[in-house]
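Here is the file model-v3.cif (mmCIF, C-alpha atoms).
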data_my_file
#
loop_
_atom_site.group_PDB
_atom_site.id
_atom_site.type_symbol
_atom_site.label_atom_id
_atom_site.label_comp_id
_atom_site.auth_asym_id
_atom_site.auth_seq_id
_atom_site.Cartn_x
_atom_site.Cartn_y
_atom_site.Cartn_z
ATOM 1 C CA MET A 345 183.417 -2.497 181.644
ATOM 2 C CA ASP A 346 182.507 0.545 179.579
ATOM 3 C CA THR A 347 179.228 2.140 180.482
ATOM 4 C CA PRO A 348 177.012 2.275 177.399
ATOM 5 C CA LYS A 349 176.322 5.829 176.239
ATOM 6 C CA PRO A 350 172.708 6.863 175.896
ATOM 7 C CA ALA A 351 171.462 6.934 172.352
ATOM 8 C CA GLN A 352 171.709 10.392 170.849
ATOM 9 C CA ARG A 353 168.448 11.804 169.768
ATOM 10 C CA ASP A 354 168.141 13.108 166.273
ATOM 11 C CA ARG A 355 168.198 16.832 166.452
ATOM 12 C CA PRO A 356 166.570 18.872 163.738
ATOM 13 C CA ARG A 357 169.091 20.603 161.592
ATOM 14 C CA LYS A 358 168.922 24.299 161.152
ATOM 15 C CA THR A 359 167.632 25.283 157.754
ATOM 16 C CA GLU A 360 170.047 27.612 156.096
ATOM 17 C CA ALA A 361 168.572 30.747 154.626
ATOM 18 C CA PRO A 362 169.122 31.030 150.889
ATOM 19 C CA LYS A 363 172.206 32.995 150.152
ATOM 20 C CA ARG A 364 171.654 36.412 148.667
ATOM 21 C CA ALA A 365 173.857 37.684 145.914
ATOM 22 C CA PRO A 366 176.437 40.157 147.204
ATOM 23 C CA GLY A 367 175.047 43.672 147.179
ATOM 24 C CA ARG A 368 171.466 42.548 146.570
ATOM 25 C CA PRO A 369 169.053 44.401 148.905
ATOM 26 C CA ALA A 370 166.573 42.223 150.793
ATOM 27 C CA ALA A 371 163.601 44.189 149.434
ATOM 28 C CA ALA A 372 164.647 43.314 145.873
ATOM 29 C CA ASP A 373 162.957 39.931 146.349
ATOM 30 C CA SER A 374 159.562 41.587 145.790
ATOM 31 C CA PRO A 375 158.427 40.438 142.308
ATOM 32 C CA ASP A 376 156.643 43.665 141.378
ATOM 33 C CA LEU A 377 159.102 46.123 142.881
ATOM 34 C CA ARG A 378 160.743 47.105 139.600
ATOM 35 C CA GLU A 379 157.363 48.017 138.124
ATOM 36 C CA ARG A 380 156.530 50.052 141.234
ATOM 37 C CA LEU A 381 159.760 51.968 140.880
ATOM 38 C CA LEU A 382 159.002 52.818 137.256
ATOM 39 C CA ASP A 383 155.504 53.964 138.248
ATOM 40 C CA ALA A 384 156.984 56.160 140.976
ATOM 41 C CA ALA A 385 159.469 57.659 138.513
ATOM 42 C CA ILE A 386 156.675 58.486 136.050
ATOM 43 C CA ALA A 387 154.633 60.155 138.793
ATOM 44 C CA CYS A 388 157.577 62.314 139.874
ATOM 45 C CA TYR A 389 158.567 63.174 136.296
ATOM 46 C CA ALA A 390 155.039 64.338 135.452
ATOM 47 C CA ARG A 391 154.701 66.329 138.662
ATOM 48 C CA GLN A 392 158.032 68.155 138.837
ATOM 49 C CA GLY A 393 160.000 67.338 135.690
ATOM 50 C CA ILE A 394 162.828 64.941 134.969
ATOM 51 C CA ALA A 395 165.672 67.387 135.646
ATOM 52 C CA ALA A 396 164.289 68.280 139.082
ATOM 53 C CA THR A 397 163.635 64.677 140.109
ATOM 54 C CA SER A 398 166.344 62.876 142.053
ATOM 55 C CA LEU A 399 166.606 59.158 142.726
ATOM 56 C CA ARG A 400 165.977 59.946 146.379
ATOM 57 C CA THR A 401 162.702 61.677 145.459
ATOM 58 C CA ILE A 402 161.582 58.660 143.448
ATOM 59 C CA ALA A 403 162.540 56.323 146.285
ATOM 60 C CA ALA A 404 160.436 58.383 148.686
ATOM 61 C CA GLU A 405 157.510 58.245 146.254
ATOM 62 C CA ALA A 406 157.805 54.448 146.129
ATOM 63 C CA GLY A 407 158.438 54.137 149.875
ATOM 64 C CA VAL A 408 161.770 52.343 149.464
ATOM 65 C CA ASN A 409 165.467 52.870 150.134
ATOM 66 C CA PRO A 410 167.325 54.719 147.325
ATOM 67 C CA ALA A 411 169.713 51.756 147.164
ATOM 68 C CA LEU A 412 166.990 49.800 145.372
ATOM 69 C CA LEU A 413 166.930 52.290 142.518
ATOM 70 C CA HIS A 414 170.684 51.962 142.150
ATOM 71 C CA TYR A 415 170.341 48.183 142.249
ATOM 72 C CA TYR A 416 167.726 48.016 139.487
ATOM 73 C CA PHE A 417 168.695 50.942 137.262
ATOM 74 C CA GLY A 418 172.199 52.054 138.131
ATOM 75 C CA ASP A 419 171.824 55.813 137.840
ATOM 76 C CA LYS A 420 169.359 58.519 136.934
ATOM 77 C CA GLU A 421 170.098 58.405 133.201
ATOM 78 C CA GLN A 422 169.567 54.655 132.990
ATOM 79 C CA LEU A 423 166.295 54.978 134.899
ATOM 80 C CA GLN A 424 165.132 57.633 132.441
ATOM 81 C CA ARG A 425 165.917 55.310 129.530
ATOM 82 C CA ALA A 426 163.977 52.516 131.227
ATOM 83 C CA VAL A 427 160.951 54.785 131.681
ATOM 84 C CA SER A 428 161.072 55.810 128.006
ATOM 85 C CA GLY A 429 161.509 52.263 126.725
ATOM 86 C CA GLU A 430 159.132 50.475 129.083
ATOM 87 C CA ARG A 431 156.425 53.049 129.771
ATOM 88 C CA LEU A 432 156.276 55.664 127.001
ATOM 89 C CA LEU A 433 157.271 53.841 123.833
ATOM 90 C CA PRO A 434 154.769 50.981 124.356
ATOM 91 C CA LEU A 435 151.969 53.580 124.507
ATOM 92 C CA VAL A 436 153.011 54.991 121.135
ATOM 93 C CA LEU A 437 153.201 51.506 119.653
ATOM 94 C CA SER A 438 149.729 50.672 120.956
ATOM 95 C CA LEU A 439 148.417 53.908 119.453
ATOM 96 C CA ARG A 440 149.972 53.123 116.094
ATOM 97 C CA ASP A 441 148.794 49.503 116.108
ATOM 98 C CA GLY A 442 145.257 50.609 116.960
ATOM 99 C CA LEU A 443 144.870 52.707 113.810
ATOM 100 C CA GLY A 444 143.758 49.796 111.670
ATOM 101 C CA ASP A 445 144.462 49.096 108.010
ATOM 102 C CA GLU A 446 147.035 51.496 106.593
ATOM 103 C CA ASN A 447 145.041 51.637 103.370
ATOM 104 C CA GLY A 448 141.728 52.273 105.119
ATOM 105 C CA ASP A 449 139.532 55.365 105.103
ATOM 106 C CA VAL A 450 141.332 58.497 106.332
ATOM 107 C CA PHE A 451 138.326 59.640 108.377
ATOM 108 C CA ASP A 452 138.228 56.278 110.123
ATOM 109 C CA LEU A 453 141.950 56.652 110.772
ATOM 110 C CA ILE A 454 141.464 60.057 112.405
ATOM 111 C CA GLY A 455 138.541 58.784 114.454
ATOM 112 C CA ARG A 456 140.622 55.904 115.736
ATOM 113 C CA PHE A 457 143.508 58.213 116.584
ATOM 114 C CA VAL A 458 141.319 60.553 118.640
ATOM 115 C CA ALA A 459 139.562 57.641 120.382
ATOM 116 C CA ASN A 460 142.817 55.864 121.165
ATOM 117 C CA ILE A 461 144.453 59.005 122.546
ATOM 118 C CA GLY A 462 141.442 59.417 124.826
ATOM 119 C CA ARG A 463 141.740 55.805 125.983
ATOM 120 C CA ILE A 464 145.457 56.161 126.687
ATOM 121 C CA VAL A 465 145.022 59.426 128.603
ATOM 122 C CA GLU A 466 142.220 57.874 130.659
ATOM 123 C CA THR A 467 144.391 54.939 131.729
ATOM 124 C CA HIS A 468 147.635 56.964 131.929
ATOM 125 C CA PRO A 469 146.607 60.418 133.213
ATOM 126 C CA TRP A 470 150.241 61.457 133.684
ATOM 127 C CA LEU A 471 150.930 61.420 129.928
ATOM 128 C CA PRO A 472 149.658 64.885 128.835
ATOM 129 C CA SER A 473 151.582 66.866 131.456
ATOM 130 C CA LEU A 474 154.718 64.805 130.920
ATOM 131 C CA TRP A 475 154.442 65.311 127.159
ATOM 132 C CA VAL A 476 154.108 69.077 127.465
ATOM 133 C CA ARG A 477 156.884 69.374 130.039
ATOM 134 C CA GLU A 478 159.494 67.027 128.571
ATOM 135 C CA VAL A 479 158.780 67.028 124.828
ATOM 136 C CA LEU A 480 157.224 70.350 123.866
ATOM 137 C CA CYS A 481 159.024 72.701 126.249
ATOM 138 C CA GLU A 482 162.477 73.873 125.224
ATOM 139 C CA GLY A 483 165.110 71.738 126.918
ATOM 140 C CA GLY A 484 162.687 68.896 127.601
ATOM 141 C CA ALA A 485 164.572 65.723 128.442
ATOM 142 C CA LEU A 486 162.570 63.503 126.066
ATOM 143 C CA ARG A 487 162.516 65.638 122.912
ATOM 144 C CA GLU A 488 165.678 64.254 121.335
ATOM 145 C CA THR A 489 165.772 60.722 122.721
ATOM 146 C CA LEU A 490 162.076 59.908 122.436
ATOM 147 C CA LEU A 491 160.326 62.194 119.946
ATOM 148 C CA TYR A 492 162.965 62.691 117.261
ATOM 149 C CA ASP A 493 164.677 59.314 117.459
ATOM 150 C CA LYS A 494 161.770 56.943 118.119
ATOM 151 C CA ILE A 495 158.251 58.370 118.010
ATOM 152 C CA GLY A 496 158.741 60.580 114.954
ATOM 153 C CA PRO A 497 159.373 57.752 112.473
ATOM 154 C CA LEU A 498 156.703 55.543 114.037
ATOM 155 C CA LEU A 499 153.695 57.846 114.081
ATOM 156 C CA PRO A 500 153.779 61.531 112.970
ATOM 157 C CA ARG A 501 155.597 60.956 109.690
ATOM 158 C CA MET A 502 153.465 57.932 108.895
ATOM 159 C CA LEU A 503 150.228 59.824 109.537
ATOM 160 C CA ALA A 504 151.369 62.872 107.554
ATOM 161 C CA ALA A 505 152.092 60.585 104.596
ATOM 162 C CA ARG A 506 148.606 59.060 104.894
ATOM 163 C CA PHE A 507 147.021 62.502 104.966
ATOM 164 C CA ALA A 508 149.017 63.600 101.919
ATOM 165 C CA GLN A 509 147.886 60.506 100.039
ATOM 166 C CA ALA A 510 144.224 61.139 100.917
ATOM 167 C CA GLN A 511 144.596 64.762 99.885
ATOM 168 C CA ALA A 512 146.040 63.760 96.512
ATOM 169 C CA GLN A 513 142.989 61.550 96.028
ATOM 170 C CA GLY A 514 140.664 64.482 96.717
ATOM 171 C CA ARG A 515 139.360 62.987 99.953
ATOM 172 C CA ILE A 516 140.321 65.840 102.280
ATOM 173 C CA ASN A 517 140.502 69.604 101.985
ATOM 174 C CA ALA A 518 143.160 70.710 99.509
ATOM 175 C CA ASP A 519 143.916 73.808 101.609
ATOM 176 C CA LEU A 520 145.223 71.733 104.504
ATOM 177 C CA ASP A 521 148.881 70.942 105.079
ATOM 178 C CA PRO A 522 149.177 67.206 105.891
ATOM 179 C CA ARG A 523 152.059 67.873 108.280
ATOM 180 C CA LEU A 524 150.143 70.511 110.224
ATOM 181 C CA LEU A 525 147.120 68.225 110.301
ATOM 182 C CA MET A 526 149.179 65.907 112.485
ATOM 183 C CA VAL A 527 150.006 68.865 114.724
ATOM 184 C CA SER A 528 146.299 69.729 114.881
ATOM 185 C CA LEU A 529 145.447 66.210 116.017
ATOM 186 C CA ILE A 530 147.856 66.521 118.928
ATOM 187 C CA GLY A 531 146.516 69.993 119.674
ATOM 188 C CA LEU A 532 142.949 68.694 119.868
ATOM 189 C CA THR A 533 143.777 65.697 122.064
ATOM 190 C CA LEU A 534 146.803 65.983 124.333
ATOM 191 C CA PHE A 535 146.691 69.759 124.857
ATOM 192 C CA PRO A 536 143.114 69.888 126.210
ATOM 193 C CA ALA A 537 143.914 67.011 128.556
ATOM 194 C CA ALA A 538 147.096 68.679 129.805
ATOM 195 C CA SER A 539 145.386 72.034 130.365
ATOM 196 C CA ALA A 540 142.127 70.602 131.739
ATOM 197 C CA PRO A 541 142.574 72.019 135.284
ATOM 198 C CA ILE A 542 142.902 75.534 133.801
ATOM 199 C CA TRP A 543 139.894 75.630 131.502
ATOM 200 C CA ARG A 544 137.688 73.647 133.885
ATOM 201 C CA HIS A 545 138.332 76.287 136.526
ATOM 202 C CA LEU A 546 138.043 79.158 134.054
ATOM 203 C CA PHE A 547 134.705 78.051 132.564
ATOM 204 C CA GLY A 548 133.320 76.060 135.502
ATOM 205 C CA ALA A 549 133.444 73.148 133.106
ATOM 206 C CA GLU A 550 133.591 70.046 135.298
ATOM 207 C CA ASP A 551 131.104 68.388 132.942
ATOM 208 C CA LEU A 552 133.586 68.456 130.035
ATOM 209 C CA ASP A 553 135.264 65.118 130.603
ATOM 210 C CA LEU A 554 137.450 63.099 128.226
ATOM 211 C CA ALA A 555 134.424 61.793 126.327
ATOM 212 C CA ALA A 556 133.191 65.342 125.716
ATOM 213 C CA GLN A 557 136.658 66.393 124.547
ATOM 214 C CA ARG A 558 136.712 63.473 122.143
ATOM 215 C CA ARG A 559 133.302 64.312 120.662
ATOM 216 C CA HIS A 560 134.311 67.947 120.227
ATOM 217 C CA ALA A 561 137.584 67.048 118.486
ATOM 218 C CA LEU A 562 135.876 64.657 116.078
ATOM 219 C CA ALA A 563 133.140 67.168 115.216
ATOM 220 C CA LEU A 564 135.672 69.908 114.561
ATOM 221 C CA LEU A 565 137.910 67.659 112.469
ATOM 222 C CA ASP A 566 134.998 66.260 110.474
ATOM 223 C CA ARG A 567 133.833 69.668 109.333
ATOM 224 C CA GLY A 568 137.331 71.000 108.779
ATOM 225 C CA LEU A 569 138.374 68.038 106.637
ATOM 226 C CA THR A 570 135.428 68.116 104.256
ATOM 227 C CA PRO A 571 136.654 69.102 100.768
#
For this file, write the structure as structure tokens.
Amino acid sequence: MDTPKPAQRDRPRKTEAPKRAPGRPAAADSPDLRERLLDAAIACYARQGIAATSLRTIAAEAGVNPALLHYYFGDKEQLQRAVSGERLLPLVLSLRDGLGDENGDVFDLIGRFVANIGRIVETHPWLPSLWVREVLCEGGALRETLLYDKIGPLLPRMLAARFAQAQAQGRINADLDPRLLMVSLIGLTLFPAASAPIWRHLFGAEDLDLAAQRRHALALLDRGLTP
């Protein structure tokens, strides 16, 4: 007679870990990692320049393995394009969209421009130094790809046309050049922010914050624009 076998107990089955796509680093599962990498790239670009910044440097800034940068962006050039398209260009678009009605008063337009630049610099303090280093300086990595190809048609040319129209209507000083007026706006906003450590040290001017710079720029522009 066969001896009955004891009933087998149900054993819990091992839960299989979800399979990861081949070549996908484990840390890539972090939902905000890509944004952190872009922030780290911006910080390094503003501090030491795009040409001098390696993927390894950016990885160290973000506290990750360089393989993650290759996973998300491929190479240094593709990362630079991502920074331009996802960090810099949206700032320009927000500045343009915050200028109000294109047929509105030119003094209101200038006031909005100065105020919005101040707001952007306050929330993105890396912008002035990056602008000077990579757009204004000869050989800057963003002059061709960002300023000439994208920002130029969106903002400077549009504003110069608005200034020329206001000048033709007798609303601003006839001695001004509308194109150089755009240059003056940048000179009264981004330049003081970029050079703030120098003149604060030179004049002992810790009290001259962004709000003071904004008031000064508006006062100077208001008197200089009066016909």
Closest pair table for region 360-478 of chain A residues within 12 Å of region 551-554 of chain A, all atoms listed in the file, as a tab-separated table:
residue	atom	partner	partner_atom	distance
A:Val458	CA	A:Leu554	CA	10.6
A:Ala459	CA	A:Leu554	CA	9.8
A:Asn460	CA	A:Leu554	CA	11.4
A:Ile461	CA	A:Leu554	CA	9.9
A:Gly462	CA	A:Leu554	CA	6.4
A:Arg463	CA	A:Leu554	CA	8.8
A:Ile464	CA	A:Leu554	CA	10.7
A:Val465	CA	A:Leu554	CA	8.4
A:Glu466	CA	A:Leu554	CA	7.5
A:Thr467	CA	A:Leu554	CA	11.3
A:Pro469	CA	A:Leu554	CA	10.8
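If you look at CA of Ala538 (chain A) and CA of Asp383 (chain A), they are 18.9 Å away from each other.
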What separation in Å, quoted to one decimal, exists between CA of Cys481 (chain A) and CA of Arg440 (chain A)? 23.8 Å
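The closest residue to Gln513 (chain A), picked from A:Val450, A:Ala549, A:Ala556, A:Val427 and counting all atoms listed in the file, is A:Val450.
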Within 9 Å of region 384-401 of chain A, counting only C-alpha atoms, which residues show up once you throw out same-chain ones fewer than 6 positions away? Write them as a list in words, please. Asn409, Pro410, Leu413, His414, Asp419, Lys420, Leu423, Gln424, Val427, Arg431, Trp470, Leu471, Pro472, Ser473, Leu474, Trp475, Arg477, Glu478, Gly484 and Ala485 of chain A
Restrict the calculation to all atoms listed in the file, then for each residue of region 364-464 of chain A with any atom at most 12 Å from an atom of region 488-509 of chain A give the closest atom pair and their distance in Å to one decimal, rows by chain and rising residue number, as a tab-separated table.
residue	atom	partner	partner_atom	distance
A:Glu421	CA	A:Thr489	CA	11.6
A:Gln424	CA	A:Thr489	CA	10.2
A:Arg425	CA	A:Thr489	CA	8.7
A:Ala426	CA	A:Leu490	CA	11.6
A:Val427	CA	A:Leu490	CA	10.6
A:Ser428	CA	A:Leu490	CA	7.0
A:Gly429	CA	A:Leu490	CA	8.8
A:Glu430	CA	A:Leu490	CA	11.9
A:Arg431	CA	A:Leu490	CA	11.5
A:Leu432	CA	A:Leu490	CA	8.5
A:Leu433	CA	A:Ile495	CA	7.4
A:Pro434	CA	A:Ile495	CA	10.3
A:Leu435	CA	A:Ile495	CA	10.2
A:Val436	CA	A:Ile495	CA	7.0
A:Leu437	CA	A:Leu498	CA	7.8
A:Ser438	CA	A:Leu499	CA	10.7
A:Leu439	CA	A:Leu499	CA	8.5
A:Arg440	CA	A:Leu499	CA	6.3
A:Asp441	CA	A:Leu499	CA	9.9
A:Gly442	CA	A:Leu499	CA	11.5
A:Leu443	CA	A:Leu503	CA	9.9
A:Asp445	CA	A:Arg506	CA	11.2
A:Glu446	CA	A:Arg506	CA	7.9
A:Asn447	CA	A:Arg506	CA	8.4
A:Gly448	CA	A:Arg506	CA	9.7
A:Asp449	CA	A:Arg506	CA	9.8
A:Val450	CA	A:Phe507	CA	7.1
A:Phe451	CA	A:Phe507	CA	9.8
A:Asp452	CA	A:Phe507	CA	11.9
A:Leu453	CA	A:Leu503	CA	9.0
A:Ile454	CA	A:Leu503	CA	9.2
A:Phe457	CA	A:Leu503	CA	9.9
Residues picked by the PyMOL selection byres ((chain A and resi 516) around 10) here, as a PDB file with C-alpha atoms, in the frame of the given file?
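Once everything was written out, this is expr36.pdb:
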ATOM      1  CA  VAL A 450     141.332  58.497 106.332  1.00  0.00           C
ATOM      2  CA  PHE A 451     138.326  59.640 108.377  1.00  0.00           C
ATOM      3  CA  PHE A 507     147.021  62.502 104.966  1.00  0.00           C
ATOM      4  CA  ALA A 508     149.017  63.600 101.919  1.00  0.00           C
ATOM      5  CA  GLN A 509     147.886  60.506 100.039  1.00  0.00           C
ATOM      6  CA  ALA A 510     144.224  61.139 100.917  1.00  0.00           C
ATOM      7  CA  GLN A 511     144.596  64.762  99.885  1.00  0.00           C
ATOM      8  CA  ALA A 512     146.040  63.760  96.512  1.00  0.00           C
ATOM      9  CA  GLN A 513     142.989  61.550  96.028  1.00  0.00           C
ATOM     10  CA  GLY A 514     140.664  64.482  96.717  1.00  0.00           C
ATOM     11  CA  ARG A 515     139.360  62.987  99.953  1.00  0.00           C
ATOM     12  CA  ASN A 517     140.502  69.604 101.985  1.00  0.00           C
ATOM     13  CA  ALA A 518     143.160  70.710  99.509  1.00  0.00           C
ATOM     14  CA  ASP A 519     143.916  73.808 101.609  1.00  0.00           C
ATOM     15  CA  LEU A 520     145.223  71.733 104.504  1.00  0.00           C
ATOM     16  CA  PRO A 522     149.177  67.206 105.891  1.00  0.00           C
ATOM     17  CA  ASP A 566     134.998  66.260 110.474  1.00  0.00           C
ATOM     18  CA  GLY A 568     137.331  71.000 108.779  1.00  0.00           C
ATOM     19  CA  LEU A 569     138.374  68.038 106.637  1.00  0.00           C
ATOM     20  CA  THR A 570     135.428  68.116 104.256  1.00  0.00           C
ATOM     21  CA  PRO A 571     136.654  69.102 100.768  1.00  0.00           C
TER      22      PRO A 571
END
Taking the file above as input, evaluate the PyMOL selection byres ((chain A and resi 561) around 10) and report the hits as a PyMOL selection string. chain A and resi 455+458-459+528-529+531-533+536+555-560+562-566
If you take every atom of region 429-440 of chain A that the file lists and fit an axis-aligned box around them with 5 Å extra on each side, what centre and edge lengths come out in Å to one decimal, as AutoDock Vina command-line options?
--center_x 155.0 --center_y 53.1 --center_z 122.9 --size_x 23.1 --size_y 15.2 --size_z 23.7
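CA of Glu550 (chain A) to CA of Leu534 (chain A) spans 17.6 Å [interatomic distance, one decimal].
The residue that comes closest to Ser539 (chain A), out of A:Gly444, A:Val476, A:Gly407, A:Glu379 and on the basis of all atoms listed in the file, is A:Val476.
Distances from A:Leu381, A:Ala537, A:Leu486, A:Ile542 to Ala404 (chain A) were compared using all atoms listed in the file, and the smallest one belongs to A:Leu381.
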